[in-house]
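Enquirer: See protein-v9.tsv below, with TSV, N, CA, C and O atoms.
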```tsv
chain	number	residue	atom	x	y	z
A	12	HIS	N	-43.68	76.05	-105.80
A	12	HIS	CA	-44.84	75.58	-106.53
A	12	HIS	C	-44.92	74.06	-106.51
A	12	HIS	O	-43.89	73.40	-106.46
A	13	TYR	N	-46.14	73.57	-106.58
A	13	TYR	CA	-46.32	72.15	-106.85
A	13	TYR	C	-46.35	72.02	-108.37
A	13	TYR	O	-47.11	72.71	-109.03
A	14	VAL	N	-45.49	71.17	-108.88
A	14	VAL	CA	-45.39	71.03	-110.33
A	14	VAL	C	-45.67	69.59	-110.72
A	14	VAL	O	-45.79	68.71	-109.87
A	15	ARG	N	-45.75	69.34	-112.03
A	15	ARG	CA	-46.19	68.04	-112.51
A	15	ARG	C	-45.06	67.07	-112.89
A	15	ARG	O	-45.33	65.91	-113.16
A	16	SER	N	-43.83	67.55	-112.97
A	16	SER	CA	-42.76	66.65	-113.40
A	16	SER	C	-41.44	67.02	-112.73
A	16	SER	O	-41.28	68.12	-112.20
A	17	LYS	N	-40.52	66.09	-112.80
A	17	LYS	CA	-39.18	66.32	-112.24
A	17	LYS	C	-38.49	67.48	-112.96
A	17	LYS	O	-37.87	68.33	-112.33
A	18	ASN	N	-38.59	67.50	-114.29
A	18	ASN	CA	-37.95	68.58	-115.05
A	18	ASN	C	-38.54	69.94	-114.70
A	18	ASN	O	-37.81	70.92	-114.56
A	19	GLU	N	-39.85	70.01	-114.54
A	19	GLU	CA	-40.48	71.26	-114.13
A	19	GLU	C	-40.00	71.67	-112.74
A	19	GLU	O	-39.78	72.85	-112.48
A	20	GLN	N	-39.81	70.71	-111.86
A	20	GLN	CA	-39.33	71.02	-110.52
A	20	GLN	C	-37.92	71.60	-110.57
A	20	GLN	O	-37.61	72.56	-109.85
A	21	LEU	N	-37.07	71.05	-111.42
A	21	LEU	CA	-35.71	71.57	-111.56
A	21	LEU	C	-35.72	73.01	-112.07
A	21	LEU	O	-34.99	73.87	-111.56
A	22	VAL	N	-36.55	73.29	-113.06
A	22	VAL	CA	-36.65	74.65	-113.60
A	22	VAL	C	-37.23	75.59	-112.55
A	22	VAL	O	-36.70	76.69	-112.32
A	23	ASP	N	-38.29	75.18	-111.88
A	23	ASP	CA	-38.91	76.00	-110.86
A	23	ASP	C	-37.91	76.34	-109.75
A	23	ASP	O	-37.81	77.49	-109.33
A	24	ASN	N	-37.18	75.36	-109.30
A	24	ASN	CA	-36.17	75.59	-108.25
A	24	ASN	C	-35.09	76.55	-108.73
A	24	ASN	O	-34.65	77.43	-107.98
A	25	TRP	N	-34.64	76.37	-109.97
A	25	TRP	CA	-33.58	77.23	-110.50
A	25	TRP	C	-34.07	78.68	-110.53
A	25	TRP	O	-33.36	79.60	-110.10
A	26	LEU	N	-35.27	78.90	-111.04
A	26	LEU	CA	-35.82	80.25	-111.10
A	26	LEU	C	-35.96	80.85	-109.71
A	26	LEU	O	-35.60	82.01	-109.48
A	27	TYR	N	-36.45	80.06	-108.78
A	27	TYR	CA	-36.63	80.53	-107.40
A	27	TYR	C	-35.28	80.92	-106.78
A	27	TYR	O	-35.15	81.99	-106.19
A	28	HIS	N	-34.28	80.05	-106.91
A	28	HIS	CA	-32.98	80.31	-106.30
A	28	HIS	C	-32.21	81.45	-106.96
A	28	HIS	O	-31.26	81.97	-106.39
A	29	HIS	N	-32.64	81.83	-108.16
A	29	HIS	CA	-32.02	82.97	-108.83
A	29	HIS	C	-32.91	84.21	-108.77
A	29	HIS	O	-32.72	85.17	-109.51
A	30	ASN	N	-33.89	84.16	-107.88
A	30	ASN	CA	-34.78	85.30	-107.62
A	30	ASN	C	-35.45	85.83	-108.89
A	30	ASN	O	-35.57	87.04	-109.07
A	31	ILE	N	-35.87	84.93	-109.73
A	31	ILE	CA	-36.56	85.31	-110.95
A	31	ILE	C	-38.06	85.06	-110.75
A	31	ILE	O	-38.48	83.91	-110.55
A	32	CYS	N	-38.81	86.13	-110.77
A	32	CYS	CA	-40.26	86.04	-110.60
A	32	CYS	C	-40.83	85.20	-111.74
A	32	CYS	O	-40.50	85.41	-112.91
A	33	HIS	N	-41.68	84.24	-111.39
A	33	HIS	CA	-42.27	83.38	-112.41
A	33	HIS	C	-43.62	82.84	-111.95
A	33	HIS	O	-43.88	82.71	-110.77
A	34	ALA	N	-44.46	82.60	-112.94
A	34	ALA	CA	-45.77	82.02	-112.69
A	34	ALA	C	-45.77	80.62	-113.28
A	34	ALA	O	-45.14	80.38	-114.31
A	35	TYR	N	-46.48	79.73	-112.64
A	35	TYR	CA	-46.58	78.35	-113.11
A	35	TYR	C	-47.99	78.11	-113.63
A	35	TYR	O	-48.97	78.52	-113.02
A	36	GLU	N	-48.07	77.46	-114.78
A	36	GLU	CA	-49.33	77.10	-115.43
A	36	GLU	C	-50.25	78.30	-115.63
A	36	GLU	O	-51.42	78.29	-115.27
A	37	LEU	N	-49.72	79.30	-116.28
A	37	LEU	CA	-50.49	80.48	-116.64
A	37	LEU	C	-51.33	80.17	-117.87
A	37	LEU	O	-50.89	79.46	-118.77
A	38	LEU	N	-52.52	80.70	-117.91
A	38	LEU	CA	-53.42	80.48	-119.04
A	38	LEU	C	-52.97	81.35	-120.22
A	38	LEU	O	-52.71	82.54	-120.08
A	39	VAL	N	-52.88	80.73	-121.39
A	39	VAL	CA	-52.56	81.42	-122.64
A	39	VAL	C	-53.76	81.24	-123.56
A	39	VAL	O	-54.20	80.12	-123.79
A	40	VAL	N	-54.28	82.35	-124.08
A	40	VAL	CA	-55.45	82.30	-124.95
A	40	VAL	C	-55.01	82.62	-126.38
A	40	VAL	O	-54.36	83.64	-126.62
A	41	ASP	N	-55.38	81.76	-127.29
A	41	ASP	CA	-55.10	81.98	-128.71
A	41	ASP	C	-56.08	83.04	-129.20
A	41	ASP	O	-57.29	82.80	-129.25
A	42	LYS	N	-55.57	84.20	-129.56
A	42	LYS	CA	-56.43	85.31	-129.98
A	42	LYS	C	-57.16	85.04	-131.29
A	42	LYS	O	-58.15	85.69	-131.60
A	43	ARG	N	-56.69	84.05	-132.03
A	43	ARG	CA	-57.32	83.73	-133.30
A	43	ARG	C	-58.67	83.05	-133.11
A	43	ARG	O	-59.60	83.26	-133.88
A	44	ASN	N	-58.77	82.21	-132.06
A	44	ASN	CA	-59.99	81.41	-131.90
A	44	ASN	C	-60.50	81.31	-130.46
A	44	ASN	O	-61.48	80.65	-130.19
A	45	GLY	N	-59.79	81.93	-129.53
A	45	GLY	CA	-60.21	81.91	-128.13
A	45	GLY	C	-59.88	80.63	-127.39
A	45	GLY	O	-60.21	80.49	-126.21
A	46	LYS	N	-59.22	79.68	-128.05
A	46	LYS	CA	-58.87	78.42	-127.40
A	46	LYS	C	-57.83	78.67	-126.31
A	46	LYS	O	-56.92	79.47	-126.50
A	47	GLU	N	-57.98	77.96	-125.20
A	47	GLU	CA	-57.10	78.17	-124.05
A	47	GLU	C	-56.08	77.05	-123.92
A	47	GLU	O	-56.40	75.88	-124.13
A	48	TYR	N	-54.88	77.45	-123.54
A	48	TYR	CA	-53.78	76.52	-123.29
A	48	TYR	C	-53.16	76.90	-121.96
A	48	TYR	O	-53.23	78.04	-121.54
A	49	ILE	N	-52.53	75.93	-121.33
A	49	ILE	CA	-51.81	76.20	-120.09
A	49	ILE	C	-50.33	76.01	-120.36
A	49	ILE	O	-49.91	74.98	-120.86
A	50	ASN	N	-49.56	77.06	-120.06
A	50	ASN	CA	-48.13	76.96	-120.29
A	50	ASN	C	-47.44	76.44	-119.02
A	50	ASN	O	-48.07	76.30	-117.98
A	51	ASP	N	-46.15	76.16	-119.13
A	51	ASP	CA	-45.41	75.67	-117.97
A	51	ASP	C	-45.00	76.83	-117.06
A	51	ASP	O	-45.34	76.85	-115.88
A	52	PHE	N	-44.26	77.78	-117.60
A	52	PHE	CA	-43.79	78.92	-116.80
A	52	PHE	C	-43.91	80.21	-117.61
A	52	PHE	O	-43.77	80.21	-118.83
A	53	TYR	N	-44.14	81.30	-116.87
A	53	TYR	CA	-44.10	82.63	-117.47
A	53	TYR	C	-43.22	83.51	-116.60
A	53	TYR	O	-43.38	83.53	-115.38
A	54	LEU	N	-42.30	84.23	-117.24
A	54	LEU	CA	-41.39	85.14	-116.56
A	54	LEU	C	-41.76	86.56	-116.94
A	54	LEU	O	-41.42	87.03	-118.04
A	55	PRO	N	-42.50	87.27	-116.09
A	55	PRO	CA	-43.00	88.59	-116.46
A	55	PRO	C	-41.91	89.61	-116.78
A	55	PRO	O	-42.08	90.42	-117.68
A	56	GLN	N	-40.79	89.58	-116.08
A	56	GLN	CA	-39.76	90.58	-116.35
A	56	GLN	C	-39.14	90.40	-117.73
A	56	GLN	O	-38.60	91.35	-118.29
A	57	TYR	N	-39.24	89.22	-118.29
A	57	TYR	CA	-38.72	88.94	-119.63
A	57	TYR	C	-39.84	88.87	-120.68
A	57	TYR	O	-39.56	88.74	-121.85
A	58	LYS	N	-41.08	88.88	-120.19
A	58	LYS	CA	-42.25	88.65	-121.07
A	58	LYS	C	-42.02	87.38	-121.89
A	58	LYS	O	-42.20	87.35	-123.10
A	59	LEU	N	-41.62	86.34	-121.18
A	59	LEU	CA	-41.17	85.10	-121.79
A	59	LEU	C	-41.91	83.90	-121.22
A	59	LEU	O	-42.04	83.77	-119.99
A	60	PHE	N	-42.36	83.02	-122.10
A	60	PHE	CA	-42.96	81.76	-121.70
A	60	PHE	C	-41.91	80.67	-121.83
A	60	PHE	O	-41.09	80.70	-122.75
A	61	ILE	N	-41.96	79.71	-120.92
A	61	ILE	CA	-41.06	78.55	-120.98
A	61	ILE	C	-41.91	77.30	-121.03
A	61	ILE	O	-42.83	77.13	-120.22
A	62	GLU	N	-41.61	76.46	-121.99
A	62	GLU	CA	-42.25	75.14	-122.08
A	62	GLU	C	-41.17	74.09	-121.83
A	62	GLU	O	-40.12	74.10	-122.48
A	63	VAL	N	-41.43	73.21	-120.88
A	63	VAL	CA	-40.50	72.15	-120.52
A	63	VAL	C	-40.98	70.86	-121.15
A	63	VAL	O	-42.10	70.43	-120.91
A	64	GLY	N	-40.12	70.26	-121.96
A	64	GLY	CA	-40.48	69.02	-122.66
A	64	GLY	C	-40.80	67.90	-121.69
A	64	GLY	O	-40.33	67.87	-120.56
A	65	GLY	N	-41.59	67.00	-122.16
A	65	GLY	CA	-42.01	65.88	-121.33
A	65	GLY	C	-42.09	64.60	-122.12
A	65	GLY	O	-41.14	64.20	-122.77
A	66	LEU	N	-43.24	64.04	-122.12
A	66	LEU	CA	-43.47	62.78	-122.81
A	66	LEU	C	-43.17	62.88	-124.29
A	66	LEU	O	-43.18	63.96	-124.86
A	67	GLU	N	-42.93	61.77	-124.91
A	67	GLU	CA	-42.66	61.76	-126.35
A	67	GLU	C	-43.70	60.92	-127.09
A	67	GLU	O	-43.42	60.42	-128.17
A	68	THR	N	-44.88	60.81	-126.55
A	68	THR	CA	-45.94	60.07	-127.23
A	68	THR	C	-46.44	60.90	-128.41
A	68	THR	O	-46.34	62.13	-128.41
A	69	PRO	N	-47.00	60.25	-129.43
A	69	PRO	CA	-47.53	61.00	-130.57
A	69	PRO	C	-48.56	62.05	-130.16
A	69	PRO	O	-48.55	63.17	-130.69
A	70	GLU	N	-49.42	61.72	-129.22
A	70	GLU	CA	-50.44	62.66	-128.76
A	70	GLU	C	-49.80	63.88	-128.10
A	70	GLU	O	-50.20	65.02	-128.35
A	71	TYR	N	-48.80	63.64	-127.25
A	71	TYR	CA	-48.10	64.75	-126.58
A	71	TYR	C	-47.40	65.63	-127.60
A	71	TYR	O	-47.47	66.86	-127.53
A	72	LEU	N	-46.70	65.02	-128.56
A	72	LEU	CA	-45.95	65.78	-129.56
A	72	LEU	C	-46.89	66.62	-130.44
A	72	LEU	O	-46.56	67.75	-130.79
A	73	GLN	N	-48.06	66.09	-130.75
A	73	GLN	CA	-49.03	66.84	-131.53
A	73	GLN	C	-49.52	68.06	-130.74
A	73	GLN	O	-49.61	69.17	-131.27
A	74	ARG	N	-49.84	67.86	-129.49
A	74	ARG	CA	-50.29	68.96	-128.63
A	74	ARG	C	-49.18	70.00	-128.48
A	74	ARG	O	-49.44	71.20	-128.50
A	75	LYS	N	-47.95	69.55	-128.36
A	75	LYS	CA	-46.82	70.45	-128.23
A	75	LYS	C	-46.70	71.33	-129.48
A	75	LYS	O	-46.51	72.54	-129.37
A	76	GLU	N	-46.82	70.73	-130.65
A	76	GLU	CA	-46.75	71.50	-131.89
A	76	GLU	C	-47.88	72.52	-131.98
A	76	GLU	O	-47.68	73.65	-132.46
A	77	GLN	N	-49.07	72.16	-131.52
A	77	GLN	CA	-50.20	73.10	-131.51
A	77	GLN	C	-49.87	74.29	-130.61
A	77	GLN	O	-50.15	75.44	-130.98
A	78	LYS	N	-49.31	74.02	-129.44
A	78	LYS	CA	-48.98	75.11	-128.52
A	78	LYS	C	-47.90	76.01	-129.11
A	78	LYS	O	-47.98	77.24	-129.00
A	79	ILE	N	-46.91	75.43	-129.75
A	79	ILE	CA	-45.84	76.22	-130.35
A	79	ILE	C	-46.42	77.16	-131.41
A	79	ILE	O	-46.05	78.34	-131.49
A	80	GLU	N	-47.34	76.65	-132.19
A	80	GLU	CA	-48.00	77.49	-133.21
A	80	GLU	C	-48.80	78.61	-132.57
A	80	GLU	O	-48.84	79.73	-133.10
A	81	VAL	N	-49.42	78.38	-131.44
A	81	VAL	CA	-50.16	79.42	-130.72
A	81	VAL	C	-49.21	80.53	-130.30
A	81	VAL	O	-49.52	81.72	-130.46
A	82	TYR	N	-48.05	80.17	-129.76
A	82	TYR	CA	-47.07	81.19	-129.35
A	82	TYR	C	-46.64	82.01	-130.57
A	82	TYR	O	-46.59	83.24	-130.51
A	83	ARG	N	-46.32	81.34	-131.66
A	83	ARG	CA	-45.90	82.04	-132.89
A	83	ARG	C	-46.99	82.97	-133.41
A	83	ARG	O	-46.75	84.14	-133.70
A	84	ALA	N	-48.19	82.44	-133.54
A	84	ALA	CA	-49.29	83.20	-134.12
A	84	ALA	C	-49.69	84.41	-133.28
A	84	ALA	O	-50.21	85.39	-133.79
A	85	ASN	N	-49.43	84.34	-131.99
A	85	ASN	CA	-49.81	85.42	-131.08
A	85	ASN	C	-48.62	86.28	-130.67
A	85	ASN	O	-48.72	87.08	-129.73
A	86	ASN	N	-47.49	86.10	-131.37
A	86	ASN	CA	-46.28	86.90	-131.11
A	86	ASN	C	-45.83	86.87	-129.65
A	86	ASN	O	-45.51	87.90	-129.06
A	87	LEU	N	-45.85	85.68	-129.07
A	87	LEU	CA	-45.40	85.48	-127.69
A	87	LEU	C	-44.02	84.84	-127.70
A	87	LEU	O	-43.77	83.89	-128.45
A	88	LYS	N	-43.12	85.36	-126.88
A	88	LYS	CA	-41.77	84.82	-126.80
A	88	LYS	C	-41.81	83.48	-126.06
A	88	LYS	O	-42.42	83.37	-124.99
A	89	LEU	N	-41.14	82.49	-126.65
A	89	LEU	CA	-41.15	81.14	-126.10
A	89	LEU	C	-39.74	80.58	-126.03
A	89	LEU	O	-38.99	80.65	-127.00
A	90	LEU	N	-39.42	80.01	-124.89
A	90	LEU	CA	-38.18	79.27	-124.70
A	90	LEU	C	-38.57	77.82	-124.46
A	90	LEU	O	-39.29	77.52	-123.51
A	91	GLN	N	-38.12	76.94	-125.35
A	91	GLN	CA	-38.44	75.52	-125.22
A	91	GLN	C	-37.27	74.78	-124.59
A	91	GLN	O	-36.12	75.05	-124.91
A	92	MET	N	-37.59	73.86	-123.71
A	92	MET	CA	-36.56	73.07	-123.04
A	92	MET	C	-36.86	71.59	-123.21
A	92	MET	O	-38.00	71.17	-123.07
A	93	THR	N	-35.81	70.83	-123.48
A	93	THR	CA	-35.91	69.38	-123.56
A	93	THR	C	-35.00	68.78	-122.49
A	93	THR	O	-34.34	69.53	-121.75
A	94	ASP	N	-34.92	67.48	-122.44
A	94	ASP	CA	-34.01	66.83	-121.49
A	94	ASP	C	-32.58	67.30	-121.67
A	94	ASP	O	-31.83	67.43	-120.71
A	95	LYS	N	-32.20	67.56	-122.91
A	95	LYS	CA	-30.83	68.04	-123.20
A	95	LYS	C	-30.55	69.34	-122.47
A	95	LYS	O	-29.49	69.50	-121.85
A	96	GLU	N	-31.47	70.29	-122.54
A	96	GLU	CA	-31.27	71.58	-121.86
A	96	GLU	C	-31.34	71.42	-120.34
A	96	GLU	O	-30.63	72.10	-119.61
A	97	ILE	N	-32.17	70.51	-119.87
A	97	ILE	CA	-32.28	70.27	-118.43
A	97	ILE	C	-30.95	69.76	-117.87
A	97	ILE	O	-30.54	70.12	-116.78
A	98	LYS	N	-30.26	68.94	-118.65
A	98	LYS	CA	-28.97	68.39	-118.20
A	98	LYS	C	-27.93	69.48	-118.01
A	98	LYS	O	-27.00	69.31	-117.22
A	99	SER	N	-28.06	70.57	-118.73
A	99	SER	CA	-27.13	71.71	-118.55
A	99	SER	C	-27.94	72.95	-118.17
A	99	SER	O	-27.75	74.03	-118.70
A	100	LEU	N	-28.84	72.75	-117.22
A	100	LEU	CA	-29.83	73.75	-116.85
A	100	LEU	C	-29.23	75.11	-116.51
A	100	LEU	O	-29.65	76.13	-117.05
A	101	ASP	N	-28.24	75.14	-115.65
A	101	ASP	CA	-27.67	76.40	-115.22
A	101	ASP	C	-27.10	77.17	-116.41
A	101	ASP	O	-27.42	78.35	-116.62
A	102	ASP	N	-26.28	76.53	-117.19
A	102	ASP	CA	-25.69	77.18	-118.35
A	102	ASP	C	-26.75	77.61	-119.36
A	102	ASP	O	-26.74	78.74	-119.86
A	103	PHE	N	-27.68	76.72	-119.65
A	103	PHE	CA	-28.72	77.01	-120.64
A	103	PHE	C	-29.58	78.21	-120.23
A	103	PHE	O	-29.80	79.13	-121.02
A	104	LEU	N	-30.07	78.22	-118.99
A	104	LEU	CA	-30.93	79.32	-118.57
A	104	LEU	C	-30.16	80.63	-118.43
A	104	LEU	O	-30.68	81.69	-118.79
A	105	ARG	N	-28.94	80.58	-117.95
A	105	ARG	CA	-28.14	81.81	-117.87
A	105	ARG	C	-27.96	82.43	-119.26
A	105	ARG	O	-28.17	83.63	-119.44
A	106	ARG	N	-27.55	81.61	-120.24
A	106	ARG	CA	-27.35	82.12	-121.59
A	106	ARG	C	-28.66	82.60	-122.21
A	106	ARG	O	-28.73	83.68	-122.79
A	107	SER	N	-29.70	81.80	-122.07
A	107	SER	CA	-30.98	82.14	-122.69
A	107	SER	C	-31.59	83.40	-122.09
A	107	SER	O	-32.03	84.28	-122.83
A	108	LEU	N	-31.60	83.49	-120.79
A	108	LEU	CA	-32.20	84.67	-120.16
A	108	LEU	C	-31.38	85.92	-120.41
A	108	LEU	O	-31.92	87.01	-120.55
A	109	SER	N	-30.08	85.77	-120.49
A	109	SER	CA	-29.23	86.90	-120.84
A	109	SER	C	-29.58	87.41	-122.23
A	109	SER	O	-29.67	88.62	-122.46
A	110	ALA	N	-29.81	86.52	-123.16
A	110	ALA	CA	-30.18	86.92	-124.52
A	110	ALA	C	-31.55	87.61	-124.54
A	110	ALA	O	-31.74	88.60	-125.24
A	111	TYR	N	-32.51	87.10	-123.77
A	111	TYR	CA	-33.84	87.71	-123.74
A	111	TYR	C	-33.83	89.04	-123.03
A	111	TYR	O	-34.66	89.90	-123.29
A	112	ARG	N	-32.93	89.23	-122.12
A	112	ARG	CA	-32.84	90.49	-121.39
A	112	ARG	C	-32.50	91.63	-122.36
A	112	ARG	O	-32.88	92.75	-122.17
A	113	ASN	N	-31.77	91.29	-123.41
A	113	ASN	CA	-31.32	92.31	-124.36
A	113	ASN	C	-32.30	92.57	-125.49
A	113	ASN	O	-32.03	93.36	-126.38
A	114	ILE	N	-33.43	91.88	-125.48
A	114	ILE	CA	-34.41	92.08	-126.55
A	114	ILE	C	-35.29	93.26	-126.24
A	114	ILE	O	-35.69	93.48	-125.14
```
What would the structure in this file look like if it were written as C-alpha cells?
Expert:
Amino acid sequence: HYVRSKNEQLVDNWLYHHNICHAYELLVVDKRNGKEYINDFYLPQYKLFIEVGGLETPEYLQRKEQKIEVYRANNLKLLQMTDKEIKSLDDFLRRSLSAYRNI
C-alpha cells in the first residue's frame, strides 16, 4: 500500500510480512449521525481497526478523540498505536493480535 507516514508504513509492512489480510484507509461511518471517518487499518479476520498515532497538534488530537468516540459508540474494536508501540512493533502486535484472536 501507499501510506501517509513512516509509522503506517512500518505497520503495513509488518502485517504484510505476517500474512495478515488488511485494508488501508477504510471508511468508517458513525451510525449515530452518518458522519464519515477514514481509519488507518482494518483487519477483517479480527474485526479490528488500528489507528496509528501521528502528529501531536491540538487539531490532530481533537480529531483523534472524535474518532475514538466513534469507535466506542459504534461498538467497533480499536487498537491504538503510538510511537511507543511502534518502537516495539513486533512484540506489541503479536501480543495484541493474540489477545484479539481469543475474543
Enquirer: Smallest atom-to-atom distance to A:Asp23: which of A:Asp41, A:Glu70, A:Asp51, A:Glu80, using only C-alpha atoms?
Expert: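 Closest to A:Asp23, using only C-alpha atoms: A:Asp51.
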Enquirer: Under the rule that all atoms listed in the file are counted, which of A:Asn44, A:Asn50, A:Thr93, A:Gln56 is the nearest residue to A:Cys32?
Expert: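 Ranked by minimum distance to A:Cys32, first place goes to A:Gln56.
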Enquirer: So the first atom is atom CA of A:Leu37 and the second is atom CA of A:Leu54; what is the distance between them in Å, to one decimal place?
Expert: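 Those two atoms sit 10.2 Å apart.
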Enquirer: Neighbouring residues of A:Arg43 were defined as those with any atom within 12 Å, considering only C-alpha atoms; residues of the same chain fewer than 4 positions away were excluded. Please report them as a list of chain:residue names.
Expert: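 Here the answer would be A:Val39, A:Glu47, A:Glu80, A:Val81, A:Tyr82, A:Arg83, A:Ala84, A:Asn85, A:Asn86.
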Enquirer: Record the distance separating atom CA of A:Asp101 and atom CA of A:Tyr48, expressed in Å with one decimal.
Expert: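 These atoms are spaced 27.3 Å apart.
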Enquirer: Could you pull out the residues in chain A that DSSP calls helix (DSSP H, G or I) from the backbone, as a PyMOL selection string?
Expert: chain A and resi 17-28+69-84+94-98+100-112
Enquirer: For a quick check of understanding, using only C-alpha atoms, which of A:Lys88, A:His12, A:Lys98, A:His29 has the smallest distance to A:Leu59?
Expert: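 Of all the options, A:Lys88 lies closest to A:Leu59.
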Enquirer: Which of stretch 28-102 of chain A end up as strand (DSSP E) when DSSP is run on this backbone - answer as JSON, numbers by chain?
Expert: {"A": [34, 35, 38, 39, 40, 47, 48, 49, 52, 53, 54, 59, 60, 61, 62, 63, 88, 89, 90, 91, 92]}
Enquirer: Create the file for the chosen residues now, containing N, CA, C and O atoms and written as a short mmCIF file (atom, residue, chain, number, x, y, z; two decimals), in the coordinates of the input.
Expert:
```cif
data_model
loop_
_atom_site.label_atom_id
_atom_site.label_comp_id
_atom_site.auth_asym_id
_atom_site.auth_seq_id
_atom_site.Cartn_x
_atom_site.Cartn_y
_atom_site.Cartn_z
N ALA A 34 -44.46 82.60 -112.94
CA ALA A 34 -45.77 82.02 -112.69
C ALA A 34 -45.77 80.62 -113.28
O ALA A 34 -45.14 80.38 -114.31
N TYR A 35 -46.48 79.73 -112.64
CA TYR A 35 -46.58 78.35 -113.11
C TYR A 35 -47.99 78.11 -113.63
O TYR A 35 -48.97 78.52 -113.02
N LEU A 38 -52.52 80.70 -117.91
CA LEU A 38 -53.42 80.48 -119.04
C LEU A 38 -52.97 81.35 -120.22
O LEU A 38 -52.71 82.54 -120.08
N VAL A 39 -52.88 80.73 -121.39
CA VAL A 39 -52.56 81.42 -122.64
C VAL A 39 -53.76 81.24 -123.56
O VAL A 39 -54.20 80.12 -123.79
N VAL A 40 -54.28 82.35 -124.08
CA VAL A 40 -55.45 82.30 -124.95
C VAL A 40 -55.01 82.62 -126.38
O VAL A 40 -54.36 83.64 -126.62
N GLU A 47 -57.98 77.96 -125.20
CA GLU A 47 -57.10 78.17 -124.05
C GLU A 47 -56.08 77.05 -123.92
O GLU A 47 -56.40 75.88 -124.13
N TYR A 48 -54.88 77.45 -123.54
CA TYR A 48 -53.78 76.52 -123.29
C TYR A 48 -53.16 76.90 -121.96
O TYR A 48 -53.23 78.04 -121.54
N ILE A 49 -52.53 75.93 -121.33
CA ILE A 49 -51.81 76.20 -120.09
C ILE A 49 -50.33 76.01 -120.36
O ILE A 49 -49.91 74.98 -120.86
N PHE A 52 -44.26 77.78 -117.60
CA PHE A 52 -43.79 78.92 -116.80
C PHE A 52 -43.91 80.21 -117.61
O PHE A 52 -43.77 80.21 -118.83
N TYR A 53 -44.14 81.30 -116.87
CA TYR A 53 -44.10 82.63 -117.47
C TYR A 53 -43.22 83.51 -116.60
O TYR A 53 -43.38 83.53 -115.38
N LEU A 54 -42.30 84.23 -117.24
CA LEU A 54 -41.39 85.14 -116.56
C LEU A 54 -41.76 86.56 -116.94
O LEU A 54 -41.42 87.03 -118.04
N LEU A 59 -41.62 86.34 -121.18
CA LEU A 59 -41.17 85.10 -121.79
C LEU A 59 -41.91 83.90 -121.22
O LEU A 59 -42.04 83.77 -119.99
N PHE A 60 -42.36 83.02 -122.10
CA PHE A 60 -42.96 81.76 -121.70
C PHE A 60 -41.91 80.67 -121.83
O PHE A 60 -41.09 80.70 -122.75
N ILE A 61 -41.96 79.71 -120.92
CA ILE A 61 -41.06 78.55 -120.98
C ILE A 61 -41.91 77.30 -121.03
O ILE A 61 -42.83 77.13 -120.22
N GLU A 62 -41.61 76.46 -121.99
CA GLU A 62 -42.25 75.14 -122.08
C GLU A 62 -41.17 74.09 -121.83
O GLU A 62 -40.12 74.10 -122.48
N VAL A 63 -41.43 73.21 -120.88
CA VAL A 63 -40.50 72.15 -120.52
C VAL A 63 -40.98 70.86 -121.15
O VAL A 63 -42.10 70.43 -120.91
N LYS A 88 -43.12 85.36 -126.88
CA LYS A 88 -41.77 84.82 -126.80
C LYS A 88 -41.81 83.48 -126.06
O LYS A 88 -42.42 83.37 -124.99
N LEU A 89 -41.14 82.49 -126.65
CA LEU A 89 -41.15 81.14 -126.10
C LEU A 89 -39.74 80.58 -126.03
O LEU A 89 -38.99 80.65 -127.00
N LEU A 90 -39.42 80.01 -124.89
CA LEU A 90 -38.18 79.27 -124.70
C LEU A 90 -38.57 77.82 -124.46
O LEU A 90 -39.29 77.52 -123.51
N GLN A 91 -38.12 76.94 -125.35
CA GLN A 91 -38.44 75.52 -125.22
C GLN A 91 -37.27 74.78 -124.59
O GLN A 91 -36.12 75.05 -124.91
N MET A 92 -37.59 73.86 -123.71
CA MET A 92 -36.56 73.07 -123.04
C MET A 92 -36.86 71.59 -123.21
O MET A 92 -38.00 71.17 -123.07
#
```
Enquirer: Could you jot down the atom CA of A:Gly65 to atom CA of A:Leu90 separation for me, Å, one decimal place?
Expert: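 Distance reported for this atom pair: 14.3 Å.
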Enquirer: Find the axis-aligned box for stretch 48-59 of chain A, covering all its listed atoms and adding 6 Å on each side, and write its centre and edge lengths in Å to one decimal as lines of an AutoDock Vina configuration file.
Expert:
```
center_x = -46.7
center_y = 83.2
center_z = -119.5
size_x = 28.3
size_y = 28.4
size_z = 20.2
```
